[in-house]
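Data file: structure22.txt. Format and content: compact mmCIF, C-alpha atoms.
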```
# COMPACT_ATOMS: atom_id res chain seq x y z
CA MET D 862 -42.58 170.46 64.46
CA THR D 863 -43.60 167.88 61.84
CA ALA D 864 -43.47 164.19 62.73
CA SER D 865 -40.68 162.18 61.10
CA THR D 866 -41.65 159.95 58.22
CA ASP D 867 -41.21 156.19 58.48
CA ARG D 868 -38.36 156.49 56.00
CA ASP D 869 -36.53 159.03 58.19
CA LEU D 870 -37.02 156.84 61.25
CA ILE D 871 -35.68 153.77 59.45
CA ILE D 872 -32.59 155.66 58.28
CA ARG D 873 -32.00 156.90 61.82
CA ALA D 874 -32.68 153.47 63.33
CA ARG D 875 -30.07 151.96 61.02
CA ARG D 876 -27.47 154.12 62.72
CA GLY D 877 -28.15 152.24 65.95
CA ALA D 878 -27.79 154.17 69.19
CA ALA D 879 -26.58 157.23 67.27
CA GLY D 880 -30.05 157.45 65.70
CA GLY D 881 -31.70 157.93 69.08
CA ASP D 882 -34.95 156.10 69.75
CA ALA D 883 -36.05 156.08 66.11
CA PHE D 884 -36.88 152.38 66.12
CA GLY D 885 -38.86 152.80 69.33
CA GLU D 886 -40.95 155.42 67.57
CA LEU D 887 -41.59 153.03 64.68
CA VAL D 888 -42.67 150.36 67.17
CA THR D 889 -45.04 152.82 68.86
CA ARG D 890 -46.60 153.66 65.50
CA TYR D 891 -47.23 150.11 64.38
CA GLN D 892 -47.46 148.03 67.54
CA THR D 893 -51.27 148.04 67.69
CA GLY D 894 -51.61 147.05 64.04
CA VAL D 895 -49.03 144.30 64.36
CA PHE D 896 -50.53 143.02 67.58
CA ASN D 897 -53.97 142.80 65.94
CA VAL D 898 -52.54 140.80 63.05
CA CYS D 899 -51.08 138.38 65.60
CA TYR D 900 -54.25 138.28 67.65
CA ARG D 901 -56.46 137.57 64.64
CA MET D 902 -54.10 134.78 63.64
CA LEU D 903 -53.52 133.28 67.09
CA HIS D 904 -56.57 134.27 69.12
CA GLU D 905 -54.47 134.25 72.26
CA HIS D 906 -53.57 137.53 73.89
CA ALA D 907 -50.24 136.70 75.56
CA THR D 908 -48.91 134.75 72.58
CA ALA D 909 -50.03 137.51 70.23
CA GLU D 910 -48.08 140.05 72.27
CA ASP D 911 -45.00 137.83 72.27
CA LEU D 912 -45.20 137.28 68.53
CA ALA D 913 -45.76 140.99 67.93
CA GLN D 914 -42.61 141.69 69.92
CA GLU D 915 -40.78 139.00 67.97
CA THR D 916 -41.97 140.63 64.73
CA PHE D 917 -40.35 143.93 65.67
CA MET D 918 -37.16 142.18 66.71
CA ARG D 919 -37.02 140.43 63.34
CA ALA D 920 -37.73 143.73 61.63
CA TYR D 921 -34.88 145.37 63.54
CA ASP D 922 -32.50 142.66 62.37
CA ARG D 923 -33.62 143.09 58.77
CA LEU D 924 -33.70 146.88 58.84
CA HIS D 925 -30.42 147.24 56.96
CA THR D 926 -31.79 145.28 54.02
CA PHE D 927 -35.22 146.93 54.02
CA ASP D 928 -36.04 148.63 50.72
CA LEU D 929 -36.76 152.26 51.58
CA GLU D 930 -39.06 152.56 48.56
CA ARG D 931 -41.50 150.16 50.24
CA GLU D 932 -43.97 151.14 52.91
CA PHE D 933 -42.99 150.00 56.37
CA GLY D 934 -46.53 149.44 57.73
CA PRO D 935 -47.73 146.85 55.21
CA TRP D 936 -44.32 145.19 55.28
CA ILE D 937 -44.21 144.74 59.05
CA ARG D 938 -47.80 143.42 59.07
CA ARG D 939 -46.86 140.84 56.45
CA VAL D 940 -43.82 139.85 58.52
CA ALA D 941 -46.17 139.39 61.48
CA ALA D 942 -48.62 137.27 59.47
CA ASN D 943 -45.82 135.01 58.25
CA LEU D 944 -44.35 134.71 61.72
CA CYS D 945 -47.74 133.72 63.15
CA LEU D 946 -48.31 131.21 60.37
CA ASN D 947 -44.91 129.62 61.10
CA HIS D 948 -45.77 129.61 64.79
CA LEU D 949 -49.12 127.90 64.18
CA GLU D 950 -47.57 125.32 61.91
CA SER D 951 -44.75 124.64 64.36
CA GLN D 952 -47.33 124.09 67.09
CA LYS D 953 -48.85 121.41 64.89
CA ILE D 954 -52.35 122.58 65.62
CA THR D 955 -53.38 122.04 62.04
CA VAL D 956 -56.33 119.71 62.11
CA ALA D 957 -58.38 118.21 59.41
CA LEU D 958 -61.14 120.35 58.04
CA ASP D 959 -63.91 118.06 59.25
CA GLU D 960 -62.48 118.03 62.76
CA GLU D 961 -62.36 121.80 62.73
CA ARG D 962 -65.99 122.06 61.83
CA ASP D 963 -66.94 119.85 64.73
CA ALA D 964 -64.68 121.69 67.13
CA ASP D 965 -66.57 124.93 66.88
CA GLU D 966 -68.32 124.74 70.22
CA SER D 967 -65.10 124.17 72.11
CA VAL D 968 -63.82 127.64 71.25
CA ARG D 969 -65.53 130.22 73.39
CA PRO D 970 -64.23 133.60 74.41
CA GLU D 971 -63.45 133.79 78.09
CA LYS D 972 -64.35 137.36 78.44
CA GLN D 973 -67.33 137.91 76.21
CA VAL D 974 -68.38 140.85 78.34
CA GLU D 975 -65.38 142.78 77.09
CA VAL D 976 -66.10 142.43 73.42
CA LYS D 977 -69.17 142.66 71.32
CA GLU D 978 -70.81 139.32 70.87
CA ARG D 979 -70.63 139.38 67.13
CA SER D 980 -66.95 140.31 67.13
CA ALA D 981 -66.29 137.44 69.47
CA GLN D 982 -68.12 135.11 67.12
CA VAL D 983 -66.12 136.34 64.15
CA ARG D 984 -62.88 135.95 66.10
CA ASN D 985 -63.90 132.48 67.18
CA ALA D 986 -64.74 131.52 63.65
CA LEU D 987 -61.41 132.90 62.42
CA SER D 988 -59.48 131.08 65.09
CA SER D 989 -61.04 127.78 64.12
CA LEU D 990 -59.65 127.99 60.59
CA PRO D 991 -56.57 125.97 59.65
CA PRO D 992 -53.40 128.14 59.73
CA GLN D 993 -53.06 128.47 55.95
CA TYR D 994 -56.70 129.59 55.67
CA ARG D 995 -56.19 132.09 58.48
CA ALA D 996 -53.15 133.48 56.71
CA VAL D 997 -54.92 134.05 53.39
CA VAL D 998 -57.91 135.66 55.14
CA GLU D 999 -55.56 137.92 57.08
CA LEU D 1000 -53.61 138.95 54.00
CA ARG D 1001 -56.69 139.43 51.81
CA HIS D 1002 -59.19 141.02 54.19
CA TYR D 1003 -57.00 142.93 56.62
CA GLN D 1004 -53.90 143.66 54.58
CA GLU D 1005 -55.74 143.94 51.25
CA LEU D 1006 -53.19 142.01 49.21
CA SER D 1007 -54.09 140.75 45.75
CA TYR D 1008 -54.20 137.04 44.95
CA ASP D 1009 -50.79 137.29 43.27
CA GLU D 1010 -49.27 139.12 46.22
CA ILE D 1011 -50.62 136.54 48.67
CA ALA D 1012 -49.22 133.72 46.54
CA ALA D 1013 -45.82 135.40 46.52
CA GLU D 1014 -45.93 136.18 50.23
CA LEU D 1015 -46.88 132.68 51.32
CA ASN D 1016 -44.96 130.99 48.54
CA ILE D 1017 -47.96 128.97 47.41
CA PRO D 1018 -49.59 128.58 43.98
CA LEU D 1019 -52.25 131.07 42.91
CA SER D 1020 -54.79 128.25 42.71
CA ASP D 1021 -54.17 127.50 46.41
CA VAL D 1022 -54.79 131.12 47.32
CA LYS D 1023 -58.16 131.02 45.57
CA SER D 1024 -59.20 127.70 47.02
CA HIS D 1025 -58.01 128.56 50.55
CA LEU D 1026 -59.94 131.81 50.48
CA PHE D 1027 -63.03 130.20 49.06
CA ARG D 1028 -63.03 127.40 51.62
CA ALA D 1029 -62.17 129.70 54.50
CA ARG D 1030 -65.11 131.95 53.70
CA LYS D 1031 -67.40 128.99 53.38
CA ILE D 1032 -66.41 127.80 56.85
CA LEU D 1033 -66.74 131.30 58.29
CA ALA D 1034 -70.18 131.73 56.73
CA GLU D 1035 -71.34 128.39 58.13
CA LYS D 1036 -70.08 129.15 61.63
CA LEU D 1037 -71.44 132.63 61.73
CA HIS D 1038 -74.74 131.58 60.23
CA ALA D 1039 -74.99 128.76 62.75
CA SER D 1040 -74.43 131.17 65.61
CA ASP D 1041 -77.18 133.56 64.44
CA MET S 668 -70.56 133.78 30.74
CA HIS S 669 -74.13 133.68 29.46
CA LEU S 670 -76.67 135.91 31.06
CA THR S 671 -78.89 132.92 31.77
CA ASP S 672 -76.16 131.01 33.68
CA HIS S 673 -76.07 131.43 37.44
CA ILE S 674 -72.93 132.89 38.91
CA SER S 675 -70.77 130.39 40.76
CA ASP S 676 -69.54 130.98 44.31
CA VAL S 677 -65.97 131.13 43.01
CA GLN S 678 -66.95 133.88 40.57
CA LEU S 679 -68.69 135.81 43.34
CA ASN S 680 -65.60 135.54 45.52
CA GLU S 681 -63.36 136.79 42.73
CA TYR S 682 -65.77 139.61 41.96
CA LEU S 683 -65.78 140.82 45.57
CA ASP S 684 -61.99 140.47 45.72
CA ASN S 685 -61.68 142.69 42.63
CA GLU S 686 -59.97 139.84 40.85
CA SER S 687 -62.65 139.09 38.28
CA ALA S 688 -62.31 139.82 34.58
CA GLU S 689 -66.08 139.46 34.09
CA ARG S 690 -67.29 142.33 36.23
CA THR S 691 -69.74 143.76 33.72
CA GLN S 692 -71.37 140.41 32.95
CA ILE S 693 -71.66 139.58 36.65
CA GLU S 694 -73.22 142.95 37.47
CA THR S 695 -75.69 142.56 34.61
CA HIS S 696 -76.65 139.10 35.79
CA LEU S 697 -76.99 140.18 39.44
CA SER S 698 -79.40 142.91 38.48
CA SER S 699 -81.74 140.36 36.93
CA CYS S 700 -81.29 137.21 39.06
CA ASP S 701 -82.71 137.20 42.59
CA GLU S 702 -81.08 133.89 43.51
CA CYS S 703 -77.56 135.04 42.63
CA ALA S 704 -78.25 138.47 44.13
CA ALA S 705 -79.16 136.79 47.44
CA ARG S 706 -75.94 134.77 47.47
CA PHE S 707 -74.01 137.89 46.53
CA THR S 708 -75.58 139.83 49.43
CA ALA S 709 -74.81 137.02 51.89
CA LEU S 710 -71.16 136.90 50.81
CA LYS S 711 -70.90 140.67 50.92
CA THR S 712 -72.29 140.64 54.47
CA LEU S 713 -69.60 138.14 55.44
CA PHE S 714 -66.94 140.43 53.95
CA THR S 715 -68.36 143.34 55.98
CA GLU S 716 -68.40 141.29 59.17
CA ILE S 717 -64.79 140.21 58.71
CA ALA S 718 -63.71 143.74 57.91
CA SER S 719 -65.61 145.29 60.82
CA LEU S 720 -63.70 143.35 63.44
CA PRO S 721 -62.55 146.05 65.89
CA GLU S 722 -58.87 146.51 66.62
CA LEU S 723 -57.87 145.58 70.13
CA GLU S 724 -55.68 147.80 72.25
CA LEU S 725 -52.46 146.46 73.65
CA THR S 726 -52.34 145.92 77.39
CA HIS S 727 -48.57 146.42 77.47
CA SER S 728 -46.63 148.63 75.12
CA ILE S 729 -44.29 146.62 72.93
CA ALA S 730 -42.19 149.74 72.48
CA ALA S 731 -41.60 149.72 76.25
CA ARG S 732 -40.77 146.01 76.20
CA LEU S 733 -38.23 146.62 73.44
CA ALA S 734 -36.85 149.71 75.12
CA PRO S 735 -33.52 148.09 76.10
CA THR S 736 -32.61 147.62 72.44
CA PRO S 737 -32.32 151.28 71.43
CA SER S 738 -31.02 152.38 74.80
CA LEU S 739 -28.26 149.79 75.05
CA GLN S 740 -25.79 152.63 74.76
CA PRO S 741 -25.22 153.89 78.30
CA GLN S 742 -25.92 157.56 78.90
CA LEU S 743 -22.88 159.55 79.98
CA PRO S 744 -23.29 161.68 83.10
CA THR S 745 -23.52 165.44 82.66
CA TRP S 746 -20.22 166.13 84.41
CA LEU S 747 -18.40 163.87 81.96
CA THR S 748 -20.10 165.55 79.03
CA LEU S 749 -18.99 168.95 80.28
CA THR S 750 -15.46 167.72 81.00
CA ALA S 751 -15.11 166.28 77.51
CA THR S 752 -16.34 169.50 75.94
CA LEU S 753 -13.99 171.56 78.11
CA GLN S 754 -11.10 169.24 77.29
CA ALA S 755 -11.68 169.59 73.56
CA ALA S 756 -11.98 173.38 73.87
CA LEU S 757 -8.77 173.61 75.92
CA ALA S 758 -6.91 171.48 73.41
CA LEU S 759 -8.03 173.76 70.60
CA ILE S 760 -7.01 176.90 72.51
CA THR S 761 -3.62 175.33 73.31
CA VAL S 762 -2.98 174.55 69.67
CA ILE S 763 -3.88 178.11 68.61
CA ALA S 764 -1.81 179.66 71.41
CA ALA S 765 1.20 177.43 70.75
CA ALA S 766 1.23 177.98 67.00
CA PRO S 767 3.40 181.18 66.99
CA PHE S 768 5.94 179.65 69.39
CA ILE S 769 6.16 176.45 67.45
CA SER S 770 6.64 178.30 64.17
CA ARG S 771 9.48 180.30 65.79
CA LEU S 772 11.14 177.23 67.29
CA LEU S 773 10.86 174.97 64.30
CA PRO S 774 13.62 176.61 62.21
CA ALA S 775 15.95 176.36 65.24
CA ILE S 776 15.74 172.61 65.18
CA GLN S 777 18.48 171.13 63.09
CA MET S 778 17.09 168.16 61.37
CA PRO S 779 19.64 165.71 59.99
CA SER S 780 19.09 164.52 56.44
CA LEU S 781 17.56 161.12 55.80
CA THR S 782 20.86 159.76 54.49
CA ASP S 783 22.63 160.85 57.68
CA LEU S 784 19.90 159.25 59.76
CA PHE S 785 20.18 156.03 57.80
CA LEU S 786 23.97 155.94 58.07
CA GLN S 787 23.76 156.69 61.79
CA LEU S 788 21.22 153.93 62.26
CA GLN S 789 23.34 151.51 60.23
CA SER S 790 26.52 152.28 62.22
CA GLN S 791 24.54 151.93 65.47
CA TRP S 792 23.25 148.59 64.24
CA THR S 793 26.80 147.44 63.40
CA ILE S 794 28.06 148.54 66.78
CA TRP S 795 25.19 146.73 68.42
CA LEU S 796 25.87 143.57 66.42
CA ASP S 797 29.54 143.76 67.41
CA ALA S 798 28.53 144.14 71.00
CA LEU S 799 26.19 141.19 70.62
CA SER S 800 28.92 139.00 69.06
CA THR S 801 31.19 139.66 72.01
CA PHE S 802 28.39 139.16 74.45
CA GLN S 803 29.47 137.26 77.52
CA LEU S 804 27.46 136.38 80.52
CA PRO S 805 27.00 137.89 83.02
CA THR S 806 28.31 141.04 81.37
CA LEU S 807 25.43 142.89 79.76
CA PRO S 808 26.10 144.51 76.39
CA GLN S 809 26.19 148.25 76.37
CA ILE S 810 23.27 149.38 74.29
CA PRO S 811 24.04 152.62 72.53
CA THR S 812 21.55 155.45 73.02
CA LEU S 813 20.51 158.19 70.67
CA GLU S 814 21.19 161.67 71.88
CA ILE S 815 18.01 163.68 72.06
CA SER S 816 18.14 167.36 72.75
CA SER S 817 15.88 168.78 75.44
CA LEU S 818 14.15 171.01 72.89
CA VAL S 819 13.14 168.08 70.70
CA LEU S 820 11.98 166.16 73.74
CA ALA S 821 9.91 169.11 74.97
CA LEU S 822 8.30 169.64 71.56
CA THR S 823 7.53 165.93 71.19
CA LEU S 824 5.91 165.79 74.61
CA ALA S 825 3.86 168.92 73.86
CA GLY S 826 2.73 167.46 70.54
CA VAL S 827 1.74 164.11 72.02
CA SER S 828 -0.15 165.83 74.85
CA MET S 829 -2.08 167.97 72.42
CA LEU S 830 -2.89 164.97 70.23
CA TRP S 831 -4.10 163.09 73.30
CA LEU S 832 -6.28 165.98 74.42
CA VAL S 833 -7.83 166.52 70.97
CA GLY S 834 -8.28 162.82 70.28
CA ASN S 835 -9.78 162.06 73.66
CA GLY S 836 -12.14 164.99 73.50
CA LEU S 837 -13.31 164.12 70.01
CA LEU S 838 -13.82 160.45 70.89
CA LEU S 839 -15.93 161.27 73.92
CA ARG S 840 -18.00 163.80 72.01
CA ASN S 841 -18.67 161.24 69.29
CA GLN S 842 -19.91 158.72 71.86
CA MET S 843 -22.29 161.21 73.38
CA LYS S 844 -24.14 161.91 70.11
```
Could the structure of this file be written out as structure tokens, please?
Amino acid sequence: MTASTDRDLIIRARRGAAGGDAFGELVTRYQTGVFNVCYRMLHEHATAEDLAQETFMRAYDRLHTFDLEREFGPWIRRVAANLCLNHLESQKITVALDEERDADESVRPEKQVEVKERSAQVRNALSSLPPQYRAVVELRHYQELSYDEIAAELNIPLSDVKSHLFRARKILAEKLHASD
Amino acid sequence: MHLTDHISDVQLNEYLDNESAERTQIETHLSSCDECAARFTALKTLFTEIASLPELELTHSIAARLAPTPSLQPQLPTWLTLTATLQAALALITVIAAAPFISRLLPAIQMPSLTDLFLQLQSQWTIWLDALSTFQLPTLPQIPTLEISSLVLALTLAGVSMLWLVGNGLLLRNQMK
């Protein structure tokens, strides 16, 4: 028996209970990817899980307006990135760039034994970025969106996308180079 | 871009993001400039490091946490499923079995014309209004009743019962899907 396509599952999920557990199957397919988007953005396991769950709940609510010609995976990951960005901005943890640079040492993984040291350093460096920088890095490096697509997704000018990416990478390079 | 000019960091970023319109010039310059090539390698290493971040596994399945959403519809017990199916089947058999009898009985029923019905209804209404105008407490007005033959009553009851059986069976079956 061949596995249902995302499109089939969405059509079934739109029928609610009559469509069986189609939405549950979609969640199973994409939950790891969505969780990792949230974790890269938030760097906090429990919050990342909550936001990942919230992402799927939002997706369920918007399922009737979802364009079936689009791919579900990239779409749900973008929803997650936006949700995390809103969460970060609502938490008002945006700090000035200079403060962020100085705050590097305060962010240390609690369980370094569980992850490779370099990965932990990269995650730490990512988590120290201001929310908007994190969002553009997420959308460019992990979701492979073009500059134009990022601008449209985050509703910011193209010049901001370029400058955010450039500055984010500069900060990441400095942090990672410093930890070598 | 002149071949002698060094490549800026912005240009290197755009090149690695596949957003540069000067790819050929940049590649030509990189092949001949050690300084720019070193910066290019460093930035490329950063890209690799960001991209090589391993995916973490979830400790709790989100699908399980969201499970109540798709399963909000309560599951009907098996006995009810079977009863509903049986009910629908019985209703269907009853309709098929009753068809010859109904077709034989139908011509026997004398249906009054619509005009007669209307006139009868109008005269009943007039009688009722008369009764109402002479209404005196505590005497209750005598409400006229329509005469219904036992055959019509029996057929109506049979029809309603069949409709109830079919409708109920179909509704339950639809819920169980």
For this session: Tell me which of D:Gln1004, D:Asp922, D:Glu930, D:Ala864 sits closest to D:Asn897, counting all atoms listed in the file.
Result: D:Gln1004
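You will find atom CA of S:Ser817 at 29.6 Å from atom CA of S:Asp797.
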For this session: Taking only C-alpha atoms into account, report as an MDAnalysis selection string which residues of chain D lie within 7 Å of chain S.
Result: chainID D and resid 877:879 882 885 888:889 892:893 897 914 980 983 1002:1003 1027 1034
Problem set entry | Nearby residues (all atoms listed in the file) at most 7 Å from D:Thr916, same-chain spacing under 3 positions excluded, as a list in words | Leu912, Ala913, Arg919, Ala920, Val940 and Ala941 of chain D
Write out the residues from the selection above, keeping C-alpha atoms, as a PDB file, keeping the file's coordinate frame.
```pdb
ATOM      1  CA  LEU D 912     -45.200 137.280  68.530  1.00  0.00           C
ATOM      2  CA  ALA D 913     -45.760 140.990  67.930  1.00  0.00           C
ATOM      3  CA  ARG D 919     -37.020 140.430  63.340  1.00  0.00           C
ATOM      4  CA  ALA D 920     -37.730 143.730  61.630  1.00  0.00           C
ATOM      5  CA  VAL D 940     -43.820 139.850  58.520  1.00  0.00           C
ATOM      6  CA  ALA D 941     -46.170 139.390  61.480  1.00  0.00           C
TER       7      ALA D 941
END
```
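Atom CA of D:Asn1016 is positioned 28.4 Å from atom CA of D:Lys1036.
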Exercise. Using all atoms listed in the file, which of D:Ile937, D:Leu924, D:Ile1011, D:Ala996 sits nearest D:Arg876?
Worked result: D:Leu924
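Residues lying within 12 Å of D:Leu1006, counting all atoms listed in the file and ignoring same-chain neighbours fewer than 4 positions away, are D:Pro935, D:Trp936, D:Arg938, D:Arg939, D:Ala996, D:Val997, D:Val998, D:Glu999, D:Leu1000, D:Arg1001, D:His1002, D:Glu1010, D:Ile1011, D:Ala1012, D:Ala1013, D:Glu1014, D:Leu1015, D:Val1022, S:Asp684, S:Asn685, S:Glu686.
With atom CA of S:Thr812 on one side and atom CA of S:Thr793 on the other, the separation reads 13.6 Å.
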For this session: Excluding S:Leu772 and any residue of its chain fewer than 3 positions from it, enumerate the residues within 10 Å of it, using all atoms listed in the file, and give them as number ranges by chain.
Result: S: 766-769, 775-776, 818-819, 822
Create the file for the chosen residues now, containing C-alpha atoms and written as a PDB file, keeping the file's coordinate frame.
```pdb
ATOM      1  CA  ALA S 766       1.230 177.980  67.000  1.00  0.00           C
ATOM      2  CA  PRO S 767       3.400 181.180  66.990  1.00  0.00           C
ATOM      3  CA  PHE S 768       5.940 179.650  69.390  1.00  0.00           C
ATOM      4  CA  ILE S 769       6.160 176.450  67.450  1.00  0.00           C
ATOM      5  CA  ALA S 775      15.950 176.360  65.240  1.00  0.00           C
ATOM      6  CA  ILE S 776      15.740 172.610  65.180  1.00  0.00           C
ATOM      7  CA  LEU S 818      14.150 171.010  72.890  1.00  0.00           C
ATOM      8  CA  VAL S 819      13.140 168.080  70.700  1.00  0.00           C
ATOM      9  CA  LEU S 822       8.300 169.640  71.560  1.00  0.00           C
TER      10      LEU S 822
END
```
Complete the atom set of stretch 889-905 of chain D to N, CA and C atoms and return it as a PDB file, in the frame of the given file.
```
ATOM      1  N   THR D 889     -43.849 152.154  68.296  1.00  0.00           N
ATOM      2  CA  THR D 889     -45.040 152.820  68.860  1.00  0.00           C
ATOM      3  C   THR D 889     -46.090 153.037  67.774  1.00  0.00           C
ATOM      4  N   ARG D 890     -45.654 153.410  66.593  1.00  0.00           N
ATOM      5  CA  ARG D 890     -46.600 153.660  65.500  1.00  0.00           C
ATOM      6  C   ARG D 890     -47.349 152.413  65.063  1.00  0.00           C
ATOM      7  N   TYR D 891     -46.631 151.296  65.007  1.00  0.00           N
ATOM      8  CA  TYR D 891     -47.230 150.110  64.380  1.00  0.00           C
ATOM      9  C   TYR D 891     -47.542 148.973  65.334  1.00  0.00           C
ATOM     10  N   GLN D 892     -47.294 149.156  66.624  1.00  0.00           N
ATOM     11  CA  GLN D 892     -47.460 148.030  67.540  1.00  0.00           C
ATOM     12  C   GLN D 892     -48.917 147.545  67.629  1.00  0.00           C
ATOM     13  N   THR D 893     -49.870 148.458  67.599  1.00  0.00           N
ATOM     14  CA  THR D 893     -51.270 148.040  67.690  1.00  0.00           C
ATOM     15  C   THR D 893     -51.670 147.242  66.456  1.00  0.00           C
ATOM     16  N   GLY D 894     -51.282 147.748  65.295  1.00  0.00           N
ATOM     17  CA  GLY D 894     -51.610 147.050  64.040  1.00  0.00           C
ATOM     18  C   GLY D 894     -50.997 145.664  64.004  1.00  0.00           C
ATOM     19  N   VAL D 895     -49.736 145.589  64.386  1.00  0.00           N
ATOM     20  CA  VAL D 895     -49.030 144.300  64.360  1.00  0.00           C
ATOM     21  C   VAL D 895     -49.621 143.339  65.385  1.00  0.00           C
ATOM     22  N   PHE D 896     -49.936 143.883  66.554  1.00  0.00           N
ATOM     23  CA  PHE D 896     -50.530 143.020  67.580  1.00  0.00           C
ATOM     24  C   PHE D 896     -51.871 142.455  67.092  1.00  0.00           C
ATOM     25  N   ASN D 897     -52.662 143.282  66.418  1.00  0.00           N
ATOM     26  CA  ASN D 897     -53.970 142.800  65.940  1.00  0.00           C
ATOM     27  C   ASN D 897     -53.830 141.745  64.867  1.00  0.00           C
ATOM     28  N   VAL D 898     -52.802 141.865  64.033  1.00  0.00           N
ATOM     29  CA  VAL D 898     -52.540 140.800  63.050  1.00  0.00           C
ATOM     30  C   VAL D 898     -52.288 139.491  63.809  1.00  0.00           C
ATOM     31  N   CYS D 899     -51.436 139.585  64.824  1.00  0.00           N
ATOM     32  CA  CYS D 899     -51.080 138.380  65.600  1.00  0.00           C
ATOM     33  C   CYS D 899     -52.308 137.844  66.346  1.00  0.00           C
ATOM     34  N   TYR D 900     -53.107 138.747  66.877  1.00  0.00           N
ATOM     35  CA  TYR D 900     -54.250 138.280  67.650  1.00  0.00           C
ATOM     36  C   TYR D 900     -55.296 137.613  66.753  1.00  0.00           C
ATOM     37  N   ARG D 901     -55.502 138.191  65.565  1.00  0.00           N
ATOM     38  CA  ARG D 901     -56.460 137.570  64.640  1.00  0.00           C
ATOM     39  C   ARG D 901     -55.971 136.189  64.220  1.00  0.00           C
ATOM     40  N   MET D 902     -54.659 136.057  64.075  1.00  0.00           N
ATOM     41  CA  MET D 902     -54.100 134.780  63.640  1.00  0.00           C
ATOM     42  C   MET D 902     -54.060 133.759  64.777  1.00  0.00           C
ATOM     43  N   LEU D 903     -53.781 134.218  65.983  1.00  0.00           N
ATOM     44  CA  LEU D 903     -53.520 133.280  67.090  1.00  0.00           C
ATOM     45  C   LEU D 903     -54.664 133.162  68.081  1.00  0.00           C
ATOM     46  N   HIS D 904     -55.430 134.259  68.202  1.00  0.00           N
ATOM     47  CA  HIS D 904     -56.570 134.270  69.120  1.00  0.00           C
ATOM     48  C   HIS D 904     -56.144 133.994  70.558  1.00  0.00           C
ATOM     49  N   GLU D 905     -54.988 134.467  70.910  1.00  0.00           N
ATOM     50  CA  GLU D 905     -54.470 134.250  72.260  1.00  0.00           C
ATOM     51  C   GLU D 905     -53.645 135.493  72.615  1.00  0.00           C
TER      52      GLU D 905
END
```
